[in-house]
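Everything below belongs to my_file-v2.tsv, which stores TSV, C-alpha atoms and all ligand atoms.
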chain	number	residue	atom	x	y	z
A	1	MET	CA	-5.80	46.21	16.15
A	2	GLY	CA	-2.72	45.09	18.12
A	3	ALA	CA	0.59	46.84	17.50
A	4	ASP	CA	2.17	43.57	16.35
A	5	LEU	CA	-0.44	43.35	13.57
A	6	LYS	CA	-1.86	40.12	14.89
A	7	LEU	CA	-5.59	39.76	14.77
A	8	CYS	CA	-7.49	38.62	17.87
A	9	LEU	CA	-11.02	37.47	18.54
A	10	SER	CA	-11.68	40.88	20.11
A	11	ASP	CA	-11.02	42.50	16.69
A	12	VAL	CA	-13.62	40.21	15.16
A	13	ILE	CA	-16.12	41.08	17.90
A	14	ALA	CA	-15.41	44.78	17.31
A	15	ALA	CA	-15.96	44.30	13.56
A	16	ARG	CA	-19.28	42.70	14.31
A	17	GLY	CA	-20.42	45.78	16.20
A	18	SER	CA	-19.24	48.09	13.41
A	19	ILE	CA	-20.92	46.30	10.52
A	20	GLN	CA	-24.11	45.07	12.13
A	21	THR	CA	-26.41	47.73	10.72
A	22	HIS	CA	-25.11	47.09	7.17
A	23	VAL	CA	-24.92	43.29	6.92
A	24	VAL	CA	-27.41	40.51	7.53
A	25	ARG	CA	-26.94	38.13	10.43
A	26	THR	CA	-27.53	35.08	8.28
A	27	PRO	CA	-29.08	31.85	9.59
A	28	LEU	CA	-27.25	28.56	9.97
A	29	LEU	CA	-29.77	26.28	8.34
A	30	PRO	CA	-29.99	22.52	8.79
A	31	ALA	CA	-29.96	20.77	5.39
A	32	PRO	CA	-32.16	17.73	6.03
A	33	CYS	CA	-32.25	16.37	2.48
A	34	LEU	CA	-28.52	16.81	1.90
A	35	SER	CA	-27.77	15.37	5.34
A	36	ALA	CA	-29.78	12.25	4.56
A	37	LEU	CA	-27.97	11.89	1.25
A	38	LEU	CA	-24.53	12.36	2.78
A	39	GLY	CA	-25.14	10.49	6.02
A	40	VAL	CA	-23.78	13.41	8.08
A	41	PRO	CA	-25.72	16.15	9.88
A	42	LEU	CA	-24.94	19.16	7.67
A	43	HIS	CA	-25.67	22.82	8.39
A	44	MET	CA	-25.28	25.66	5.90
A	45	LYS	CA	-24.29	29.21	6.79
A	46	MET	CA	-26.48	31.16	4.40
A	47	GLU	CA	-24.20	33.92	3.16
A	48	ILE	CA	-26.12	33.83	-0.12
A	49	MET	CA	-28.67	35.97	1.76
A	50	GLN	CA	-26.38	39.01	2.04
A	51	PRO	CA	-27.62	42.03	0.05
A	52	VAL	CA	-24.81	41.70	-2.52
A	53	GLY	CA	-25.30	37.93	-2.73
A	54	ALA	CA	-22.06	37.02	-0.97
A	55	PHE	CA	-20.29	37.17	2.39
A	56	LYS	CA	-17.70	39.63	1.01
A	57	LEU	CA	-19.85	42.49	2.26
A	58	ARG	CA	-18.76	41.79	5.83
A	59	GLY	CA	-15.07	42.38	5.24
A	60	ALA	CA	-15.54	45.15	2.69
A	61	MET	CA	-17.89	47.06	4.98
A	62	ASN	CA	-15.57	46.73	7.96
A	63	ALA	CA	-12.63	47.99	5.89
A	64	ALA	CA	-14.69	50.82	4.36
A	65	LEU	CA	-15.75	51.99	7.82
A	66	SER	CA	-12.06	52.07	8.79
A	67	ALA	CA	-10.95	54.10	5.73
A	68	PRO	CA	-8.84	57.15	6.61
A	69	GLU	CA	-10.31	60.64	6.92
A	70	GLY	CA	-10.50	62.36	3.52
A	71	THR	CA	-11.19	59.17	1.54
A	72	HIS	CA	-13.46	59.90	-1.44
A	73	THR	CA	-12.99	56.69	-3.45
A	74	LEU	CA	-12.69	53.04	-2.44
A	75	ALA	CA	-10.60	50.97	-4.86
A	76	CYS	CA	-10.13	47.23	-5.15
A	77	CYS	CA	-9.33	44.40	-7.49
A	78	SER	CA	-11.77	41.56	-7.52
A	79	THR	CA	-13.00	38.33	-9.10
A	80	GLY	CA	-16.47	39.87	-8.81
A	81	ASN	CA	-17.99	39.54	-5.39
A	82	HIS	CA	-15.52	41.71	-3.52
A	83	GLY	CA	-15.97	44.44	-6.13
A	84	ARG	CA	-19.70	44.28	-5.72
A	85	ALA	CA	-19.34	44.46	-1.94
A	86	VAL	CA	-16.97	47.44	-2.12
A	87	ALA	CA	-19.30	49.22	-4.55
A	88	TYR	CA	-22.24	48.60	-2.20
A	89	ALA	CA	-20.28	49.71	0.87
A	90	ALA	CA	-19.11	52.85	-0.96
A	91	ARG	CA	-22.66	53.76	-1.88
A	92	GLN	CA	-23.86	53.24	1.68
A	93	LEU	CA	-21.17	55.57	2.96
A	94	GLY	CA	-21.47	58.19	0.19
A	95	LEU	CA	-18.12	57.34	-1.44
A	96	LYS	CA	-17.13	56.40	-5.00
A	97	ALA	CA	-15.85	52.95	-5.98
A	98	ALA	CA	-13.30	51.86	-8.61
A	99	VAL	CA	-13.07	48.12	-9.25
A	100	PHE	CA	-10.23	46.51	-11.24
A	101	MET	CA	-10.95	43.08	-12.74
A	102	SER	CA	-9.36	40.60	-15.13
A	103	SER	CA	-11.00	39.45	-18.35
A	104	LEU	CA	-11.84	36.09	-16.69
A	105	VAL	CA	-14.59	37.69	-14.61
A	106	PRO	CA	-18.13	36.76	-15.73
A	107	GLN	CA	-20.24	39.52	-17.31
A	108	THR	CA	-23.00	39.26	-14.67
A	109	LYS	CA	-20.53	40.22	-11.96
A	110	ILE	CA	-19.39	43.27	-13.95
A	111	GLU	CA	-22.99	44.35	-14.46
A	112	GLY	CA	-23.75	43.88	-10.77
A	113	ILE	CA	-21.02	46.37	-9.91
A	114	ARG	CA	-22.05	48.91	-12.56
A	115	ARG	CA	-25.62	48.80	-11.25
A	116	LEU	CA	-24.26	49.93	-7.87
A	117	SER	CA	-22.55	52.88	-9.66
A	118	GLY	CA	-19.11	51.30	-9.28
A	119	GLU	CA	-16.63	52.07	-12.01
A	120	VAL	CA	-15.19	48.88	-13.56
A	121	GLN	CA	-11.77	48.62	-15.26
A	122	ILE	CA	-10.88	45.39	-17.08
A	123	THR	CA	-7.13	44.83	-17.13
A	124	GLY	CA	-5.28	41.73	-18.32
A	125	ARG	CA	-5.94	38.03	-17.92
A	126	SER	CA	-5.27	37.54	-14.23
A	127	GLN	CA	-6.04	38.84	-10.77
A	128	ASP	CA	-2.39	39.81	-10.45
A	129	ASP	CA	-2.68	42.13	-13.49
A	130	ALA	CA	-5.77	43.70	-11.92
A	131	GLN	CA	-3.91	44.11	-8.63
A	132	ILE	CA	-1.05	45.99	-10.32
A	133	ALA	CA	-3.48	48.41	-11.98
A	134	CYS	CA	-5.32	48.90	-8.70
A	135	ASP	CA	-2.06	49.58	-6.81
A	136	ALA	CA	-1.08	52.28	-9.34
A	137	TYR	CA	-4.50	53.96	-9.14
A	138	SER	CA	-4.47	53.88	-5.34
A	139	GLU	CA	-1.43	56.18	-5.21
A	140	SER	CA	-3.78	59.14	-5.79
A	141	PRO	CA	-4.80	61.12	-2.71
A	142	GLY	CA	-8.23	60.30	-1.32
A	143	VAL	CA	-8.23	56.80	-2.81
A	144	HIS	CA	-8.29	53.96	-0.29
A	145	ALA	CA	-7.60	50.44	-1.59
A	146	ILE	CA	-9.24	47.43	0.05
A	147	SER	CA	-7.64	44.04	-0.62
A	148	PRO	CA	-10.15	41.22	-1.16
A	149	PHE	CA	-8.40	39.02	1.42
A	150	ASP	CA	-5.07	40.39	2.67
A	151	ASP	CA	-6.29	43.15	4.96
A	152	LEU	CA	-6.84	42.83	8.69
A	153	HIS	CA	-10.14	44.73	8.62
A	154	VAL	CA	-11.39	42.47	5.85
A	155	ILE	CA	-10.28	39.33	7.69
A	156	ALA	CA	-11.91	40.54	10.92
A	157	GLY	CA	-15.15	41.22	9.03
A	158	GLN	CA	-15.21	37.73	7.48
A	159	GLY	CA	-14.43	36.30	10.93
A	160	THR	CA	-17.85	37.43	12.18
A	161	ILE	CA	-19.24	34.43	10.26
A	162	GLY	CA	-17.32	32.06	12.54
A	163	VAL	CA	-18.59	33.79	15.68
A	164	GLU	CA	-22.19	33.54	14.51
A	165	MET	CA	-21.85	29.89	13.49
A	166	LEU	CA	-20.58	28.82	16.90
A	167	GLU	CA	-23.21	30.91	18.63
A	168	ASP	CA	-25.90	29.06	16.70
A	169	LEU	CA	-24.30	25.60	16.87
A	170	PRO	CA	-21.86	25.27	19.77
A	171	ASP	CA	-21.60	21.51	19.06
A	172	LEU	CA	-20.12	22.12	15.63
A	173	GLU	CA	-17.23	19.71	15.04
A	174	THR	CA	-16.14	20.24	11.45
A	175	LEU	CA	-16.29	23.49	9.52
A	176	LEU	CA	-15.65	23.49	5.77
A	177	VAL	CA	-14.63	26.88	4.36
A	178	PRO	CA	-14.42	27.78	0.66
A	179	LEU	CA	-10.83	28.92	0.15
A	180	SER	CA	-9.23	31.27	-2.34
A	181	GLY	CA	-7.11	34.20	-1.13
A	182	GLY	CA	-7.92	33.02	2.37
A	183	GLY	CA	-9.53	36.09	3.91
A	184	LEU	CA	-12.66	34.13	4.70
A	185	ALA	CA	-10.78	31.09	6.00
A	186	ALA	CA	-8.33	33.21	8.03
A	187	GLY	CA	-11.07	35.18	9.79
A	188	VAL	CA	-13.45	32.29	10.34
A	189	ALA	CA	-10.67	29.95	11.48
A	190	LEU	CA	-9.20	32.52	13.88
A	191	ALA	CA	-12.62	33.06	15.46
A	192	ALA	CA	-13.63	29.41	15.53
A	193	ARG	CA	-10.26	28.16	16.81
A	194	THR	CA	-10.29	30.74	19.62
A	195	ILE	CA	-13.87	30.04	20.67
A	196	LYS	CA	-13.58	26.26	20.31
A	197	PRO	CA	-9.95	25.07	20.16
A	198	GLY	CA	-10.84	21.44	19.33
A	199	ILE	CA	-12.89	22.26	16.22
A	200	ARG	CA	-11.77	20.82	12.87
A	201	LEU	CA	-11.23	23.51	10.23
A	202	ILE	CA	-10.84	22.54	6.60
A	203	GLY	CA	-10.37	24.82	3.60
A	204	VAL	CA	-11.78	23.65	0.27
A	205	SER	CA	-10.63	24.83	-3.19
A	206	MET	CA	-11.00	23.67	-6.79
A	207	ASP	CA	-8.21	21.43	-8.03
A	208	ARG	CA	-7.17	23.71	-10.92
A	209	GLY	CA	-5.38	26.89	-9.88
A	210	ALA	CA	-5.68	26.60	-6.09
A	211	ALA	CA	-3.12	29.22	-5.05
A	212	MET	CA	-3.42	28.90	-1.26
A	213	LYS	CA	-3.09	25.11	-1.35
A	214	ALA	CA	-0.01	25.33	-3.61
A	215	SER	CA	1.48	27.99	-1.33
A	216	LEU	CA	0.85	26.01	1.87
A	217	ASP	CA	2.48	22.96	0.23
A	218	ALA	CA	5.46	25.04	-0.91
A	219	GLY	CA	5.88	26.69	2.50
A	220	GLU	CA	5.64	30.19	1.00
A	221	PRO	CA	3.31	32.15	-1.29
A	222	VAL	CA	3.67	30.91	-4.89
A	223	GLU	CA	2.01	31.80	-8.18
A	224	VAL	CA	-0.32	29.45	-9.99
A	225	SER	CA	-1.72	29.86	-13.48
A	226	GLU	CA	-5.30	30.99	-13.49
A	227	VAL	CA	-7.81	28.92	-15.47
A	228	GLU	CA	-11.56	29.00	-15.98
A	229	SER	CA	-13.53	27.22	-13.27
A	230	LEU	CA	-17.11	26.72	-12.20
A	231	ALA	CA	-15.77	28.18	-8.95
A	232	ASP	CA	-14.79	31.47	-10.61
A	233	SER	CA	-14.94	33.26	-7.24
A	234	LEU	CA	-12.08	31.10	-6.03
A	235	GLY	CA	-9.69	32.08	-8.86
A	236	GLY	CA	-6.62	34.26	-8.48
A	237	GLY	CA	-3.37	34.25	-6.57
A	238	ILE	CA	-2.70	35.06	-2.93
A	239	GLY	CA	0.00	37.65	-3.74
A	240	LEU	CA	3.70	36.86	-3.47
A	241	GLN	CA	3.94	39.61	-0.84
A	242	ASN	CA	1.05	38.15	1.17
A	243	ARG	CA	1.12	39.65	4.67
A	244	PHE	CA	-1.71	38.12	6.68
A	245	SER	CA	-4.04	35.56	5.12
A	246	TYR	CA	-1.34	33.02	4.19
A	247	SER	CA	0.21	32.79	7.66
A	248	MET	CA	-3.21	32.69	9.31
A	249	CYS	CA	-4.36	29.83	7.07
A	250	GLN	CA	-1.09	28.09	7.89
A	251	ASP	CA	-1.66	28.59	11.63
A	252	TYR	CA	-5.37	27.85	11.90
A	253	LEU	CA	-6.48	25.42	9.17
A	254	ASP	CA	-6.13	21.70	9.85
A	255	ASP	CA	-6.22	20.75	6.20
A	256	VAL	CA	-7.04	21.87	2.66
A	257	VAL	CA	-9.03	19.60	0.37
A	258	LEU	CA	-9.37	19.99	-3.42
A	259	VAL	CA	-12.44	19.18	-5.53
A	260	SER	CA	-12.70	18.68	-9.28
A	261	GLU	CA	-14.91	20.61	-11.71
A	262	GLU	CA	-17.13	17.50	-12.07
A	263	GLU	CA	-17.56	17.40	-8.30
A	264	ILE	CA	-18.45	21.10	-8.20
A	265	TYR	CA	-20.93	20.57	-11.05
A	266	GLN	CA	-22.64	17.77	-9.13
A	267	ALA	CA	-22.70	19.76	-5.89
A	268	MET	CA	-24.39	22.73	-7.64
A	269	GLN	CA	-27.02	20.37	-9.03
A	270	THR	CA	-27.51	18.63	-5.70
A	271	LEU	CA	-27.95	21.84	-3.71
A	272	TYR	CA	-30.44	23.03	-6.30
A	273	PHE	CA	-32.51	19.86	-6.48
A	274	GLU	CA	-32.30	18.77	-2.83
A	275	GLU	CA	-32.50	22.14	-1.05
A	276	ASN	CA	-33.83	24.34	-3.89
A	277	LEU	CA	-30.96	26.78	-3.60
A	278	VAL	CA	-29.05	28.69	-6.24
A	279	ALA	CA	-25.37	28.97	-5.31
A	280	GLU	CA	-22.11	29.61	-7.13
A	281	GLY	CA	-19.55	26.93	-7.82
A	282	GLY	CA	-17.25	28.58	-5.30
A	283	ALA	CA	-19.98	28.37	-2.66
A	284	VAL	CA	-20.62	24.64	-2.95
A	285	VAL	CA	-17.06	23.30	-2.70
A	286	GLY	CA	-17.70	22.20	0.90
A	287	ILE	CA	-20.69	20.18	-0.25
A	288	ALA	CA	-18.62	18.80	-3.15
A	289	ALA	CA	-15.94	17.65	-0.70
A	290	LEU	CA	-18.53	15.84	1.39
A	291	MET	CA	-20.25	14.26	-1.62
A	292	SER	CA	-16.96	12.95	-2.93
A	293	ARG	CA	-16.10	11.50	0.52
A	294	LYS	CA	-12.85	13.47	0.64
A	295	ILE	CA	-13.22	14.19	4.34
A	296	ALA	CA	-12.65	11.16	6.52
A	297	ASP	CA	-13.75	10.48	10.11
A	298	LEU	CA	-16.76	12.75	10.35
A	299	ASN	CA	-18.39	12.27	13.71
A	300	GLY	CA	-20.37	15.24	14.98
A	301	PRO	CA	-22.17	18.08	13.22
A	302	VAL	CA	-20.62	19.48	10.05
A	303	ALA	CA	-21.19	22.92	8.59
A	304	THR	CA	-20.14	24.74	5.47
A	305	ILE	CA	-20.41	28.34	4.35
A	306	VAL	CA	-22.60	28.70	1.28
A	307	SER	CA	-20.67	31.79	0.38
A	308	GLY	CA	-22.31	33.34	-2.68
A	309	ARG	CA	-25.18	33.18	-5.15
A	310	ASN	CA	-23.91	35.39	-7.99
A	311	VAL	CA	-24.01	32.75	-10.70
A	312	ASP	CA	-23.67	33.28	-14.40
A	313	MET	CA	-27.30	32.34	-15.14
A	314	LYS	CA	-26.56	30.79	-18.53
A	315	GLN	CA	-23.91	28.53	-17.01
A	316	PHE	CA	-26.06	27.75	-13.98
A	317	THR	CA	-29.04	26.66	-16.08
A	318	ASP	CA	-26.68	24.52	-18.17
A	319	VAL	CA	-25.49	22.81	-14.99
A	320	VAL	CA	-28.91	22.16	-13.48
A	321	SER	CA	-30.22	21.02	-16.87
A	322	GLY	CA	-27.40	18.50	-17.13
A	323	ARG	CA	-25.77	20.07	-20.20
A	324	ASP	CA	-22.04	20.02	-20.98
A	325	VAL	CA	-20.04	23.01	-19.73
A	326	VAL	CA	-16.85	24.15	-21.44
A	327	LEU	CA	-14.21	25.76	-19.21
A	328	GLY	CA	-11.29	26.83	-21.38
A	329	ASP	CA	-9.68	23.57	-22.50
A	330	LEU	CA	-11.74	21.43	-20.12
A	331	LEU	CA	-15.10	19.91	-20.99
A	332	VAL	CA	-17.27	19.03	-18.01
A	333	LYS	CA	-19.53	16.31	-19.35
A	334	GLY	CA	-23.19	16.99	-18.67
A	335	GLN	CA	-25.25	14.63	-16.57
A	336	SER	CA	-28.89	15.04	-15.56
A	337	TYR	CA	-29.49	15.12	-11.82
A	338	GLY	CA	-30.17	11.68	-10.42
A	339	ALA	CA	-29.43	9.97	-13.75
B	1	LIG	C1	-14.19	35.41	-2.37
B	1	LIG	C2	-15.05	34.23	-2.28
B	1	LIG	C3	-14.61	33.06	-1.63
B	1	LIG	C4	-13.22	32.89	-1.08
B	1	LIG	O1	-12.85	33.86	-0.15
B	1	LIG	P1	-11.29	34.17	0.14
B	1	LIG	O2	-11.31	35.12	1.26
B	1	LIG	O3	-10.72	34.78	-1.11
B	1	LIG	O4	-10.62	32.87	0.44
B	1	LIG	C5	-15.51	32.01	-1.52
B	1	LIG	N1	-16.74	32.08	-2.04
B	1	LIG	C6	-17.20	33.18	-2.67
B	1	LIG	C7	-18.59	33.18	-3.21
B	1	LIG	C8	-16.38	34.29	-2.82
B	1	LIG	O5	-16.84	35.38	-3.44
Go ahead and express the file in the form of structure tokens.
Amino acid sequence: MGADLKLCLSDVIAARGSIQTHVVRTPLLPAPCLSALLGVPLHMKMEIMQPVGAFKLRGAMNAALSAPEGTHTLACCSTGNHGRAVAYAARQLGLKAAVFMSSLVPQTKIEGIRRLSGEVQITGRSQDDAQIACDAYSESPGVHAISPFDDLHVIAGQGTIGVEMLEDLPDLETLLVPLSGGGLAAGVALAARTIKPGIRLIGVSMDRGAAMKASLDAGEPVEVSEVESLADSLGGGIGLQNRFSYSMCQDYLDDVVLVSEEEIYQAMQTLYFEENLVAEGGAVVGIAALMSRKIADLNGPVATIVSGRNVDMKQFTDVVSGRDVVLGDLLVKGQSYGA
């Protein structure tokens, strides 16, 4: 890593070498049925095929492999998938894992971490509360904390997705990246922008509690209130002391688009019925943005990262069955697919 703490494509290539025996090189699949429906040639980067069900393994594994000598426990705060990835990485490397989560995290994600022998601590109602608890715990010797998004090793690991996508589809013109804390977008956008400067890079978040979008608009990291969303993996702040992911998203993303809960609901249904895939709300926001025609002037090939499959099964079956879903004070009215 450069002395000025700026990440380069070479760091992403190095990460790729480090993590390759632990992560899956996922395919970039054409989506013929969705493409026909949308009228654009769409490809999907299949991160739902990672062993922990989400791309987070790439960054977590790269950071775990870079942990200092004498580390016995990896710690993190998480909306679910990062915790699972850190627990998996810890087990692979013979370390312990401690995962701090807020009470908004779905039960399935907590169970997934416990099954990997990770220790879960529920603290408060927000990611920021979980972060504070994690920071305190990480003061102990031998504990190494891994941020879900604001860590250069994590960002480099997520960036390997961008390298693979452009290897498989050099003609790619528009890349839609699910966006929360921005580790995924920062890494992928750095890699893609360096390999193909003219590519269009768009982050996509849900329209309630999109911390990176609010921060980019404000010109500095700001707090947003966290609410329930079908895209639970995209919840949480970016940290008022954000060091890396905010400025990289500012530098490399062309735009950020927001989608509503209804649009996410429909995208989950559509991916399920058209391509027979189970994916989280947070993983289908790119498809939701395309379905709702929020991205103008699409010419060449488009791709999105289908970033995770760790759904709450009760909620997922409600969505694909067309039942109403209640998210805090918001009711997403049910609608059967194709009705
Ligand atoms: C974490 C996560 C994201 C967003 O990644 P960031 O690096 O926080 O922007 C998107 N999709 C899924 C499934 C995730 O788990």
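Remark: for ligand LIG 1 (chain B), the closest of the candidate residues A:Leu298, A:Val326, A:Leu271, A:Val52 is A:Val52 (distances computed over only C-alpha atoms and all ligand atoms).
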Nearest to A:Lys294, chosen from A:Ala90, A:Val99, A:Val143, A:Leu38, with all atoms listed in the file counted in the distances: A:Leu38
Please provide the set of residues having any atom within 7 Å of A:Arg58, restricted to all atoms listed in the file, with same-chain residues fewer than 6 positions apart removed, written as a PyMOL selection string. chain A and resi 19+23+157-158
Please extract the residues at most 6 Å from ligand LIG 1 (chain B), counting all atoms listed in the file, and provide them as an mmCIF file with C-alpha atoms, in the frame of the given file, using the chain letters and residue numbers of this document.
data_model
loop_
_atom_site.group_PDB
_atom_site.id
_atom_site.type_symbol
_atom_site.label_atom_id
_atom_site.label_comp_id
_atom_site.auth_asym_id
_atom_site.auth_seq_id
_atom_site.Cartn_x
_atom_site.Cartn_y
_atom_site.Cartn_z
ATOM 1 C CA ALA A 54 -22.060 37.020 -0.970
ATOM 2 C CA ASN A 81 -17.990 39.540 -5.390
ATOM 3 C CA PHE A 149 -8.400 39.020 1.420
ATOM 4 C CA PRO A 178 -14.420 27.780 0.660
ATOM 5 C CA LEU A 179 -10.830 28.920 0.150
ATOM 6 C CA SER A 180 -9.230 31.270 -2.340
ATOM 7 C CA GLY A 181 -7.110 34.200 -1.130
ATOM 8 C CA GLY A 182 -7.920 33.020 2.370
ATOM 9 C CA GLY A 183 -9.530 36.090 3.910
ATOM 10 C CA LEU A 184 -12.660 34.130 4.700
ATOM 11 C CA ALA A 185 -10.780 31.090 6.000
ATOM 12 C CA SER A 233 -14.940 33.260 -7.240
ATOM 13 C CA LEU A 234 -12.080 31.100 -6.030
ATOM 14 C CA GLY A 282 -17.250 28.580 -5.300
ATOM 15 C CA ALA A 283 -19.980 28.370 -2.660
ATOM 16 C CA SER A 307 -20.670 31.790 0.380
ATOM 17 C CA GLY A 308 -22.310 33.340 -2.680
#
Counting only C-alpha atoms, the residue of A:Gln107, A:Ser205, A:Ser138, A:Ser66 that sits nearest A:Ala156: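 Among the listed residues, the smallest separation from A:Ala156 belongs to A:Ser66.
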For atom CA of A:Ala339 and atom CA of A:Asp297, determine how far apart the two atoms are, in Å to one decimal place. 28.6 Å
Counting all atoms listed in the file, closest pick from A:Leu230, A:Leu9, A:Val278, A:Cys77 relative to A:Thr194 is A:Leu9
Find the residues around A:Arg114 up to 12 Å (only C-alpha atoms counted), leave out those fewer than 5 positions away in its own chain, and share them as a ChimeraX atom specification. /A:80,83-88,91,96-99,107-109,119-121
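Checking A:Leu37, A:Met212, A:Cys134, A:Ala218 one by one against A:Ile238, counting only C-alpha atoms, you find the shortest gap at A:Met212.
Proximity of A:Gly236, A:Pro170, A:Pro221, A:Gly322 to A:Tyr265, computed with all atoms listed in the file, is greatest for A:Gly322.
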Quick one: pull the distance between atom CA of A:Ile202 and atom CA of A:Pro27, Å, one decimal. 20.7 Å
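With atom CA of A:Ile155 on one side and atom CA of A:Phe244 on the other, the separation reads 8.7 Å.
Protein, DNA and RNA residues at most 7 Å from (-28.4, 15.6, -15.2), with all atoms listed in the file, are these: Val320, Ser321, Gly322, Gly334, Gln335, Ser336, Tyr337, Gly338 and Ala339 of chain A.
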